[in-house]
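**Student:** Here you go, one structure.
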Amino acid sequence: MDYFNYQQDGQLWAEDVALADLAERFGTPLYVYSRATLERHWHAFDRAVDDHPHLICYAVKANSNLGVLNVLARLGSGFDIVSGGELERVIAAGGDPAKVVFSGVGKTAAEMQRALSLGIKCFNVESEPELERLNQVAGEMGKVAPISLRINPDVDAKTHPYISTGLRDNKFGIAFDRAPDVYRLAQQLPNIKVTGIDCHIGSQLTELSPFIDATDRLLALIDLLKAEGIAIEHLDVGGGLGVTYSAEQPPAPSEYAEALMARLVDYPELELVFEPGRAIAANAGVMLTRVEYLKHTDHKNFAIVDAAMNDLIRPTLYQAWQEIIPLRPRDGEAKTYDFVGPICETGDFIGKDRHLCLAAGDLLAVRSAGAYGFVMASNYNTRVRAAEIMVDGQQIHVVREREELAELWRSEHLLPE
Ligand code: LLP
């Protein structure tokens, strides 16, 4: 459920603000987020596991705008980060470093130092060389690094191959069979403290079974490690819960949590960590765009809009389908359109074969754009990145201003005379 709805005036609103007013005032393309929706989705996870020790670590990569992070930090959220840059964003947004888990296969020594000096909750270690580097960096600082190992449970997440991460062939994590040995190594390293176990099998999962299979495999490892005297305090199940873009019916956070809790009855002390990104942010955001031209050819109708693949790359990159709806639906004959942007690439589309009644100048909303939308934007074709707005009831906050052209080449240089 989200707070983007048509109201009695026939227009699409975000909470108590008409989206057309935002488009007129701030221009398009424009990202608009709903604070109430973000909070609702975060609470859905938090309440689902109310009775069990837990931490929701929002996956910053999904939408790292400071305003978004700030809304979640105020709820007491933790954060899952994958770079030193994301760590600085969390701090700038008022997040608590003690609730940060650090994922990613390529952590640099400098990133480790910064995370250690801020005292993050846990490093999700993805390889043996990383473990050894972390031990060394921590030792040089006179610190002990809390770690979990990211285990690759070799389960098929049944999602798009680019966002499936828990198979043997993927670059992520430590192979299930190697895990006991790597834990034994970790236990012996003087500047490492084993605190958890972690996995993340993929994104946009619409079924529970892969999550449950992965959890069962991790619980079996926890039992094995316990028998050897290696205590695991938290189980991090990663992110990956899918959302509805079109007709998908992913499990609700409550169903997901219920299935997990059924597995955890014998582990009352084991803290459960979630790393949801998309499930919190995707349907808390829309991207607004305006139709520049309608172009009719013998074969096709094109709606040429002012947003492009640089603004929203998911359709191009993953053939992802995101709903496109008018801000003010009009009566009349609908036609089938491809929605394309101004970029000089055939792959520059936002949606294909959509049936709508349109006129040039119409405003549209691309739904489910709150996750992996703006964060994946680029300046390709020397296009400035869009502004971002946070709606909160009737209030409007500009959480990122539209880029200025001159900013794009500010750090570039001509050759000397
Ligand atoms: N934790 C880790 C270690 C991850 O790698 C990811 C996402 C998450 C959590 C959050 O997953 P989520 O709950 O959002 O599914 N750009 C792609 C998605 C890439 C996801 C990468 N990892 C897309 O637009 O579909």
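Convention: chains lettered A, B, ... in structure tokens order; per-chain residue numbering from 1; ligands numbered from 1 as shown.
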Set the distance at 7 Å and use only C-alpha atoms: which residues neighbour A:Arg367 once local chain neighbours fewer than 4 positions away are removed? I'd like the list as JSON, numbers by chain.

**Tutor:** {"A": [283, 285, 286, 287, 322, 323, 324]}

**Student:** Leaving out stretch 209-224 of chain A and any residue of its chain fewer than 5 positions from it, which residues lie within 7 Å of it when counting only C-alpha atoms, given as a list in words?

**Tutor:**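 The neighbour list is Pro153, Val155, Asp156, Ala157, Ile232 and Leu260 of chain A.
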
**Student:** Any chance you could list, as a PyMOL selection string, the residues in stretch 281-352 of chain A that come up alpha helix (DSSP H) when DSSP is run on the backbone?

**Tutor:** chain A and resi 281+314-318

**Student:** Return as number ranges by chain every polymer residue, whether protein, DNA or RNA, with at least one atom no more than 6 Å from an atom of ligand 1; count only C-alpha atoms and all ligand atoms.

**Tutor:** A: 59, 62, 103, 163, 200, 203-204, 238-241, 275-279, 314, 372

**Student:** Please report the interatomic distance between atom CA of A:Glu132 and atom CA of A:Ala98 in Å with one decimal.

**Tutor:** 22.5 Å

**Student:** Tell me which of A:Leu270, A:Val32, A:Ala14, A:Ile230 sits closest to A:His52, counting only C-alpha atoms.

**Tutor:**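 Using only C-alpha atoms, A:His52 sits closest to A:Leu270.
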
**Student:** Mind pulling up the distance from atom CA of A:Leu294 to atom CA of A:Ser378?

**Tutor:**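 About the pair atom CA of A:Ser378 and atom CA of A:Leu294: they are 25.3 Å apart.
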